[in-house]
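One file, upload_27.cif, is given below (mmCIF, C-alpha atoms).
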data_model
loop_
_atom_site.label_atom_id
_atom_site.label_comp_id
_atom_site.auth_asym_id
_atom_site.auth_seq_id
_atom_site.Cartn_x
_atom_site.Cartn_y
_atom_site.Cartn_z
CA MET E 1 -20.08 -31.27 10.43
CA VAL E 2 -19.92 -27.99 12.30
CA ALA E 3 -18.05 -27.34 15.54
CA PHE E 4 -17.74 -24.21 17.67
CA ALA E 5 -15.46 -23.21 20.52
CA GLN E 6 -14.56 -19.99 22.25
CA SER E 7 -12.16 -18.78 24.89
CA ASP E 8 -13.02 -16.91 28.04
CA HIS E 9 -13.56 -13.19 27.55
CA ARG E 10 -11.04 -11.29 29.58
CA ARG E 11 -10.72 -7.59 30.19
CA ARG E 12 -6.95 -7.72 29.63
CA THR E 13 -4.72 -10.27 27.93
CA ASP E 14 -1.30 -8.69 28.33
CA ASP E 15 0.15 -12.08 29.29
CA LEU E 16 -1.03 -13.84 26.09
CA SER E 17 -0.05 -13.46 22.46
CA GLU E 18 -2.63 -13.87 19.72
CA VAL E 19 -1.25 -17.36 19.02
CA GLU E 20 -1.63 -18.36 22.68
CA MET E 21 -5.21 -17.10 22.61
CA VAL E 22 -6.19 -18.91 19.42
CA MET E 23 -4.41 -22.29 19.68
CA PRO E 24 -6.49 -23.90 22.46
CA VAL E 25 -9.72 -22.91 20.71
CA LEU E 26 -8.56 -24.24 17.35
CA HIS E 27 -7.40 -27.50 18.92
CA ARG E 28 -10.81 -27.91 20.59
CA VAL E 29 -12.60 -27.46 17.26
CA LEU E 30 -10.32 -29.91 15.46
CA ALA E 31 -10.79 -32.46 18.24
CA ASP E 32 -14.58 -32.06 18.07
CA THR E 33 -14.62 -32.60 14.31
CA GLY E 34 -11.98 -35.32 14.22
CA LEU E 35 -10.18 -33.43 11.47
CA THR E 36 -6.50 -32.57 11.28
CA ALA E 37 -5.17 -29.22 10.09
CA ARG E 38 -4.06 -30.87 6.84
CA GLU E 39 -7.68 -31.86 6.08
CA ILE E 40 -8.95 -28.26 6.11
CA GLY E 41 -9.50 -27.00 2.57
CA PHE E 42 -9.74 -23.30 3.40
CA THR E 43 -8.92 -21.24 6.48
CA CYS E 44 -10.23 -17.73 7.06
CA SER E 45 -9.56 -15.47 10.02
CA GLY E 46 -11.24 -12.29 11.10
CA SER E 47 -9.56 -9.75 13.34
CA SER E 48 -8.61 -6.13 13.56
CA ASP E 49 -4.94 -5.41 13.02
CA TYR E 50 -5.78 -1.82 13.79
CA LEU E 51 -6.74 -2.71 17.36
CA ALA E 52 -3.62 -4.80 17.82
CA GLY E 53 -1.54 -1.75 16.98
CA ARG E 54 0.52 -3.35 14.23
CA ALA E 55 0.12 -4.19 10.59
CA PHE E 56 -0.40 -7.81 9.53
CA SER E 57 -0.66 -9.07 13.12
CA PHE E 58 -2.99 -11.80 11.84
CA THR E 59 -0.03 -13.61 10.28
CA MET E 60 1.11 -14.62 13.77
CA THR E 61 -2.03 -16.64 14.33
CA LEU E 62 -1.19 -18.79 11.33
CA ASP E 63 1.49 -20.31 13.57
CA GLY E 64 -1.36 -21.56 15.74
CA VAL E 65 -3.32 -22.86 12.77
CA GLY E 66 -0.35 -24.59 11.25
CA ALA E 67 0.58 -23.05 7.92
CA TRP E 68 2.80 -25.92 6.80
CA PRO E 69 2.41 -27.51 4.41
CA PRO E 70 1.13 -24.33 2.70
CA VAL E 71 -2.58 -23.84 3.29
CA SER E 72 -5.28 -21.96 1.43
CA GLU E 73 -6.06 -19.09 3.76
CA SER E 74 -7.44 -15.60 3.89
CA HIS E 75 -7.87 -12.84 6.43
CA VAL E 76 -10.58 -10.23 6.59
CA GLU E 77 -10.03 -7.01 8.48
CA MET E 78 -13.19 -6.97 10.46
CA ASP E 79 -14.83 -9.77 12.37
CA GLY E 80 -15.80 -13.42 12.44
CA ALA E 81 -19.06 -12.87 10.57
CA TRP E 82 -17.18 -11.50 7.58
CA ALA E 83 -14.70 -14.42 7.73
CA LEU E 84 -17.60 -16.88 7.92
CA TYR E 85 -19.14 -15.30 4.83
CA GLU E 86 -15.91 -15.65 2.85
CA ALA E 87 -15.61 -19.31 3.85
CA TRP E 88 -19.29 -19.89 2.97
CA VAL E 89 -18.63 -18.48 -0.52
CA LYS E 90 -15.62 -20.80 -0.96
CA LEU E 91 -17.72 -23.79 0.08
CA ARG E 92 -20.71 -22.83 -2.08
CA THR E 93 -18.55 -22.30 -5.18
CA GLY E 94 -16.79 -25.62 -4.67
CA GLU E 95 -13.36 -24.05 -4.20
CA ALA E 96 -13.12 -25.82 -0.83
CA ASP E 97 -14.81 -28.82 0.75
CA THR E 98 -13.94 -27.95 4.35
CA ALA E 99 -13.32 -24.63 6.05
CA LEU E 100 -11.93 -23.40 9.33
CA VAL E 101 -13.13 -19.97 10.40
CA TYR E 102 -11.77 -18.22 13.45
CA ALA E 103 -11.90 -14.73 14.83
CA TYR E 104 -10.20 -13.04 17.70
CA GLY E 105 -9.71 -9.64 19.20
CA LYS E 106 -6.93 -8.23 21.29
CA SER E 107 -6.67 -4.53 21.75
CA SER E 108 -3.38 -2.73 21.67
CA PRO E 109 -1.66 -1.82 24.91
CA GLY E 110 -3.43 1.54 24.88
CA SER E 111 -6.75 2.41 26.45
CA LEU E 112 -9.50 0.82 24.36
CA ARG E 113 -11.68 3.91 24.78
CA ASP E 114 -8.91 6.00 23.16
CA VAL E 115 -7.75 3.45 20.58
CA LEU E 116 -11.19 2.78 19.07
CA THR E 117 -11.74 6.42 18.19
CA ARG E 118 -8.47 6.72 16.27
CA GLN E 119 -10.19 5.12 13.29
CA LEU E 120 -12.51 8.09 12.90
CA ASP E 121 -12.26 10.81 10.29
CA PRO E 122 -9.05 12.64 11.26
CA TYR E 123 -10.33 16.11 10.34
CA TYR E 124 -13.83 16.37 11.79
CA LEU E 125 -14.48 13.67 14.37
CA ALA E 126 -11.14 12.55 15.79
CA PRO E 127 -10.18 15.97 17.19
CA LEU E 128 -13.36 15.89 19.31
CA TRP E 129 -12.07 12.73 21.10
CA PRO E 130 -15.45 11.07 21.49
CA ASP E 131 -15.28 7.72 23.22
CA PRO E 132 -17.05 4.55 21.96
CA VAL E 133 -19.91 5.05 24.42
CA ALA E 134 -20.63 8.54 23.09
CA LEU E 135 -20.45 7.27 19.50
CA ALA E 136 -22.87 4.43 20.30
CA ALA E 137 -25.26 6.97 21.82
CA LEU E 138 -25.07 9.12 18.68
CA GLN E 139 -25.76 6.06 16.52
CA ALA E 140 -28.73 5.10 18.67
CA ARG E 141 -30.09 8.65 18.46
CA ALA E 142 -29.71 8.57 14.65
CA LEU E 143 -31.68 5.29 14.47
CA ILE E 144 -34.43 6.73 16.64
CA ASP E 145 -34.57 9.98 14.65
CA ALA E 146 -34.74 8.02 11.39
CA GLY E 147 -37.67 5.99 12.71
CA GLU E 148 -35.71 2.71 12.39
CA ALA E 149 -35.89 1.94 16.13
CA ASP E 150 -37.25 3.33 19.34
CA GLU E 151 -35.89 3.41 22.89
CA PRO E 152 -37.79 0.30 24.08
CA ALA E 153 -36.48 -1.71 21.10
CA LEU E 154 -32.89 -0.63 21.77
CA ALA E 155 -33.29 -1.36 25.49
CA ALA E 156 -34.57 -4.84 24.59
CA VAL E 157 -31.41 -5.48 22.54
CA GLY E 158 -29.28 -4.51 25.52
CA ALA E 159 -31.30 -6.67 27.91
CA ARG E 160 -31.19 -9.64 25.53
CA SER E 161 -27.42 -9.29 25.09
CA ARG E 162 -26.80 -9.08 28.85
CA ALA E 163 -29.00 -12.14 29.45
CA ALA E 164 -27.09 -14.09 26.80
CA ALA E 165 -23.79 -13.06 28.39
CA ALA E 166 -25.00 -14.15 31.82
CA ALA E 167 -25.83 -17.58 30.43
CA ASN E 168 -22.44 -17.90 28.67
CA PRO E 169 -19.71 -19.27 30.97
CA HIS E 170 -17.03 -17.70 28.76
CA ALA E 171 -18.40 -14.15 28.96
#
For the file at hand, write its structure as structure tokens.
Amino acid sequence: MVAFAQSDHRRRTDDLSEVEMVMPVLHRVLADTGLTAREIGFTCSGSSDYLAGRAFSFTMTLDGVGAWPPVSESHVEMDGAWALYEAWVKLRTGEADTALVYAYGKSSPGSLRDVLTRQLDPYYLAPLWPDPVALAALQARALIDAGEADEPALAAVGARSRAAAAANPHA
């Protein structure tokens, strides 16, 4: 059985902790599957501690998952796709028979346009202070120059993504 839930995307979540963001979504998934937290064989989360502005911020969300009795869990510093892959490997190898995968993102109190670029090379790129939009444009230009994509193909990705967001009540 597979279940999926998501929270509303919000521009700012200063009034919510990571646990408060994650708990309602996790409870929805458990209710949809009929499982309890104790019946989950492996739990994997994906998030960016870097964006949260503190090391090991993912450990707080384990309060929302319920880490007692001790659970088999892992965290990947990236995103939900990476967490899903790790859980898939655990299931395929037989190390777990059920898995809970969740991902979340909450940027630090700083400006997201400034915070995202702090992960760049500190000697060559960071001093230029490019913002994420400029970096995305450079990446798009590199794809076009390499012959991997063209402008109409990239525009189609943007149009498809905006259409999907318009159809998603949580976006």
When you look at Glu95 (chain E) with a cut-off of 12 Å (counting all atoms listed in the file), what residues show up, excluding the ones that are within fewer than 6 positions of it in the same chain? I need them as an mmCIF file with C-alpha atoms, keeping the file's coordinate frame.
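Ended up saving to selection_2.cif:
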data_model
loop_
_atom_site.group_PDB
_atom_site.id
_atom_site.type_symbol
_atom_site.label_atom_id
_atom_site.label_comp_id
_atom_site.auth_asym_id
_atom_site.auth_seq_id
_atom_site.Cartn_x
_atom_site.Cartn_y
_atom_site.Cartn_z
ATOM 1 C CA ILE E 40 -8.950 -28.260 6.110
ATOM 2 C CA GLY E 41 -9.500 -27.000 2.570
ATOM 3 C CA PHE E 42 -9.740 -23.300 3.400
ATOM 4 C CA THR E 43 -8.920 -21.240 6.480
ATOM 5 C CA SER E 72 -5.280 -21.960 1.430
ATOM 6 C CA GLU E 73 -6.060 -19.090 3.760
ATOM 7 C CA GLU E 86 -15.910 -15.650 2.850
ATOM 8 C CA ALA E 87 -15.610 -19.310 3.850
ATOM 9 C CA TRP E 88 -19.290 -19.890 2.970
ATOM 10 C CA VAL E 89 -18.630 -18.480 -0.520
#
Quiz item: Restricting the calculation to only C-alpha atoms, which member of E:Ala5, E:Ala136, E:Ala83, E:Ala155 is positioned closest to Leu26 (chain E)?
Solution: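 That would be E:Ala5, the residue with the smallest distance to Leu26 (chain E).
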Quiz prompt | Residue neighbourhood region 118-120 of chain E, 10 Å, all atoms listed in the file, exclusion window fewer than 4 positions, as a VMD selection string | solution = chain E and resid 50 to 51 113 to 114 124 to 127 129 to 131
Quiz item: With distances taken over only C-alpha atoms, which of E:Gly34, E:Gly94, E:Gly66, E:Pro169 is nearest to Asp8 (chain E)?
Solution: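 Smallest separation from Asp8 (chain E) among the options: E:Pro169.
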Practice problem: May I ask for the distance between CA of Asn168 (chain E) and CA of Pro152 (chain E), given in Å to one decimal place? | Solution: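 These atoms are spaced 24.2 Å apart.
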Quiz item: Nearest to Met21 (chain E): which of E:Arg38, E:His75, E:Lys106, E:Lys90 is it, counting all atoms listed in the file?
Solution: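 Smallest distance to Met21 (chain E) is found for E:Lys106.
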Quiz prompt | Residues selected by the PyMOL selection byres ((chain E and resi 60) around 12), written as an NGL selection string | solution = :E and (17-23 or 45 or 47 or 49 or 52 or 54-59 or 61-67 or 75)
Test item: write region 6-118 of chain E with C-alpha atoms as a PDB file, in the first residue's frame:
ATOM      1  CA  GLN E   6       1.389  17.121   1.553  1.00  0.00           C
ATOM      2  CA  SER E   7       0.933  20.388   3.370  1.00  0.00           C
ATOM      3  CA  ASP E   8       0.090  23.720   1.840  1.00  0.00           C
ATOM      4  CA  HIS E   9       3.055  25.556   0.356  1.00  0.00           C
ATOM      5  CA  ARG E  10       3.524  28.821   2.149  1.00  0.00           C
ATOM      6  CA  ARG E  11       5.892  31.654   1.422  1.00  0.00           C
ATOM      7  CA  ARG E  12       6.773  32.001   5.116  1.00  0.00           C
ATOM      8  CA  THR E  13       6.384  29.625   8.054  1.00  0.00           C
ATOM      9  CA  ASP E  14       7.834  31.668  10.888  1.00  0.00           C
ATOM     10  CA  ASP E  15       4.941  30.602  13.130  1.00  0.00           C
ATOM     11  CA  LEU E  16       5.566  26.846  12.670  1.00  0.00           C
ATOM     12  CA  SER E  17       8.397  24.578  13.736  1.00  0.00           C
ATOM     13  CA  GLU E  18       9.489  21.700  11.539  1.00  0.00           C
ATOM     14  CA  VAL E  19       7.612  19.299  13.841  1.00  0.00           C
ATOM     15  CA  GLU E  20       4.405  21.336  13.518  1.00  0.00           C
ATOM     16  CA  MET E  21       4.792  21.279   9.738  1.00  0.00           C
ATOM     17  CA  VAL E  22       5.411  17.539   9.484  1.00  0.00           C
ATOM     18  CA  MET E  23       3.041  16.019  12.081  1.00  0.00           C
ATOM     19  CA  PRO E  24      -0.306  16.637  10.341  1.00  0.00           C
ATOM     20  CA  VAL E  25       1.046  15.221   7.083  1.00  0.00           C
ATOM     21  CA  LEU E  26       2.467  12.130   8.760  1.00  0.00           C
ATOM     22  CA  HIS E  27      -0.767  11.535  10.653  1.00  0.00           C
ATOM     23  CA  ARG E  28      -2.719  11.773   7.377  1.00  0.00           C
ATOM     24  CA  VAL E  29      -0.490   9.155   5.745  1.00  0.00           C
ATOM     25  CA  LEU E  30      -0.730   6.792   8.706  1.00  0.00           C
ATOM     26  CA  ALA E  31      -4.516   7.181   8.767  1.00  0.00           C
ATOM     27  CA  ASP E  32      -4.726   6.463   5.026  1.00  0.00           C
ATOM     28  CA  THR E  33      -2.647   3.293   5.365  1.00  0.00           C
ATOM     29  CA  GLY E  34      -4.165   2.120   8.641  1.00  0.00           C
ATOM     30  CA  LEU E  35      -0.663   1.634  10.040  1.00  0.00           C
ATOM     31  CA  THR E  36       0.690   2.849  13.349  1.00  0.00           C
ATOM     32  CA  ALA E  37       4.143   4.342  13.810  1.00  0.00           C
ATOM     33  CA  ARG E  38       5.256   1.117  15.518  1.00  0.00           C
ATOM     34  CA  GLU E  39       4.444  -0.868  12.357  1.00  0.00           C
ATOM     35  CA  ILE E  40       6.858   1.114  10.166  1.00  0.00           C
ATOM     36  CA  GLY E  41      10.031  -0.878   9.523  1.00  0.00           C
ATOM     37  CA  PHE E  42      12.166   2.001   8.248  1.00  0.00           C
ATOM     38  CA  THR E  43      11.784   5.776   8.289  1.00  0.00           C
ATOM     39  CA  CYS E  44      13.764   8.107   6.051  1.00  0.00           C
ATOM     40  CA  SER E  45      13.585  11.888   5.907  1.00  0.00           C
ATOM     41  CA  GLY E  46      14.936  14.300   3.373  1.00  0.00           C
ATOM     42  CA  SER E  47      15.597  17.935   4.162  1.00  0.00           C
ATOM     43  CA  SER E  48      18.261  20.575   4.094  1.00  0.00           C
ATOM     44  CA  ASP E  49      19.741  21.437   7.467  1.00  0.00           C
ATOM     45  CA  TYR E  50      21.735  24.066   5.641  1.00  0.00           C
ATOM     46  CA  LEU E  51      18.570  25.970   4.738  1.00  0.00           C
ATOM     47  CA  ALA E  52      17.240  25.700   8.276  1.00  0.00           C
ATOM     48  CA  GLY E  53      20.373  27.442   9.501  1.00  0.00           C
ATOM     49  CA  ARG E  54      21.341  24.839  12.082  1.00  0.00           C
ATOM     50  CA  ALA E  55      23.060  21.495  12.152  1.00  0.00           C
ATOM     51  CA  PHE E  56      21.012  18.331  12.694  1.00  0.00           C
ATOM     52  CA  SER E  57      17.682  20.174  12.557  1.00  0.00           C
ATOM     53  CA  PHE E  58      16.142  16.997  11.124  1.00  0.00           C
ATOM     54  CA  THR E  59      16.321  15.360  14.553  1.00  0.00           C
ATOM     55  CA  MET E  60      13.457  17.600  15.704  1.00  0.00           C
ATOM     56  CA  THR E  61      11.102  16.062  13.193  1.00  0.00           C
ATOM     57  CA  LEU E  62      11.635  12.657  14.761  1.00  0.00           C
ATOM     58  CA  ASP E  63       9.476  13.990  17.603  1.00  0.00           C
ATOM     59  CA  GLY E  64       6.663  14.203  15.061  1.00  0.00           C
ATOM     60  CA  VAL E  65       7.356  10.727  13.712  1.00  0.00           C
ATOM     61  CA  GLY E  66       7.571   9.171  17.133  1.00  0.00           C
ATOM     62  CA  ALA E  67      11.036   7.842  17.820  1.00  0.00           C
ATOM     63  CA  TRP E  68      10.028   5.706  20.790  1.00  0.00           C
ATOM     64  CA  PRO E  69      10.376   2.840  20.986  1.00  0.00           C
ATOM     65  CA  PRO E  70      13.625   3.252  19.014  1.00  0.00           C
ATOM     66  CA  VAL E  71      13.003   3.177  15.277  1.00  0.00           C
ATOM     67  CA  SER E  72      15.173   2.354  12.297  1.00  0.00           C
ATOM     68  CA  GLU E  73      15.616   5.718  10.629  1.00  0.00           C
ATOM     69  CA  SER E  74      17.870   7.679   8.365  1.00  0.00           C
ATOM     70  CA  HIS E  75      18.150  11.206   7.052  1.00  0.00           C
ATOM     71  CA  VAL E  76      19.521  12.354   3.740  1.00  0.00           C
ATOM     72  CA  GLU E  77      20.736  15.902   3.286  1.00  0.00           C
ATOM     73  CA  MET E  78      18.942  16.708   0.110  1.00  0.00           C
ATOM     74  CA  ASP E  79      15.362  16.028  -0.831  1.00  0.00           C
ATOM     75  CA  GLY E  80      12.485  13.588  -0.789  1.00  0.00           C
ATOM     76  CA  ALA E  81      13.593  11.806  -3.959  1.00  0.00           C
ATOM     77  CA  TRP E  82      16.869  10.835  -2.327  1.00  0.00           C
ATOM     78  CA  ALA E  83      15.029   9.686   0.824  1.00  0.00           C
ATOM     79  CA  LEU E  84      12.627   7.644  -1.311  1.00  0.00           C
ATOM     80  CA  TYR E  85      15.568   5.970  -3.028  1.00  0.00           C
ATOM     81  CA  GLU E  86      17.146   4.991   0.300  1.00  0.00           C
ATOM     82  CA  ALA E  87      13.844   3.522   1.501  1.00  0.00           C
ATOM     83  CA  TRP E  88      13.406   1.682  -1.820  1.00  0.00           C
ATOM     84  CA  VAL E  89      16.846   0.091  -1.352  1.00  0.00           C
ATOM     85  CA  LYS E  90      15.925  -1.016   2.194  1.00  0.00           C
ATOM     86  CA  LEU E  91      12.693  -2.567   0.910  1.00  0.00           C
ATOM     87  CA  ARG E  92      14.339  -4.255  -2.084  1.00  0.00           C
ATOM     88  CA  THR E  93      17.123  -5.767   0.040  1.00  0.00           C
ATOM     89  CA  GLY E  94      14.637  -7.066   2.594  1.00  0.00           C
ATOM     90  CA  GLU E  95      16.038  -4.970   5.443  1.00  0.00           C
ATOM     91  CA  ALA E  96      12.555  -3.492   5.932  1.00  0.00           C
ATOM     92  CA  ASP E  97       9.037  -4.553   5.016  1.00  0.00           C
ATOM     93  CA  THR E  98       7.447  -1.119   5.396  1.00  0.00           C
ATOM     94  CA  ALA E  99       8.865   2.361   4.996  1.00  0.00           C
ATOM     95  CA  LEU E 100       7.830   5.897   5.794  1.00  0.00           C
ATOM     96  CA  VAL E 101       9.448   8.574   3.656  1.00  0.00           C
ATOM     97  CA  TYR E 102       8.949  12.249   4.305  1.00  0.00           C
ATOM     98  CA  ALA E 103      10.581  15.433   3.162  1.00  0.00           C
ATOM     99  CA  TYR E 104      10.199  19.019   4.160  1.00  0.00           C
ATOM    100  CA  GLY E 105      11.787  22.365   3.628  1.00  0.00           C
ATOM    101  CA  LYS E 106      11.898  25.427   5.794  1.00  0.00           C
ATOM    102  CA  SER E 107      14.360  28.139   5.024  1.00  0.00           C
ATOM    103  CA  SER E 108      16.264  29.935   7.703  1.00  0.00           C
ATOM    104  CA  PRO E 109      15.073  33.315   8.911  1.00  0.00           C
ATOM    105  CA  GLY E 110      17.279  34.988   6.313  1.00  0.00           C
ATOM    106  CA  SER E 111      16.345  35.973   2.790  1.00  0.00           C
ATOM    107  CA  LEU E 112      16.107  32.804   0.708  1.00  0.00           C
ATOM    108  CA  ARG E 113      17.750  34.558  -2.251  1.00  0.00           C
ATOM    109  CA  ASP E 114      20.794  35.261  -0.043  1.00  0.00           C
ATOM    110  CA  VAL E 115      20.808  31.999   1.915  1.00  0.00           C
ATOM    111  CA  LEU E 116      20.756  29.686  -1.121  1.00  0.00           C
ATOM    112  CA  THR E 117      23.921  31.172  -2.572  1.00  0.00           C
ATOM    113  CA  ARG E 118      25.940  30.644   0.616  1.00  0.00           C
TER     114      ARG E 118
END
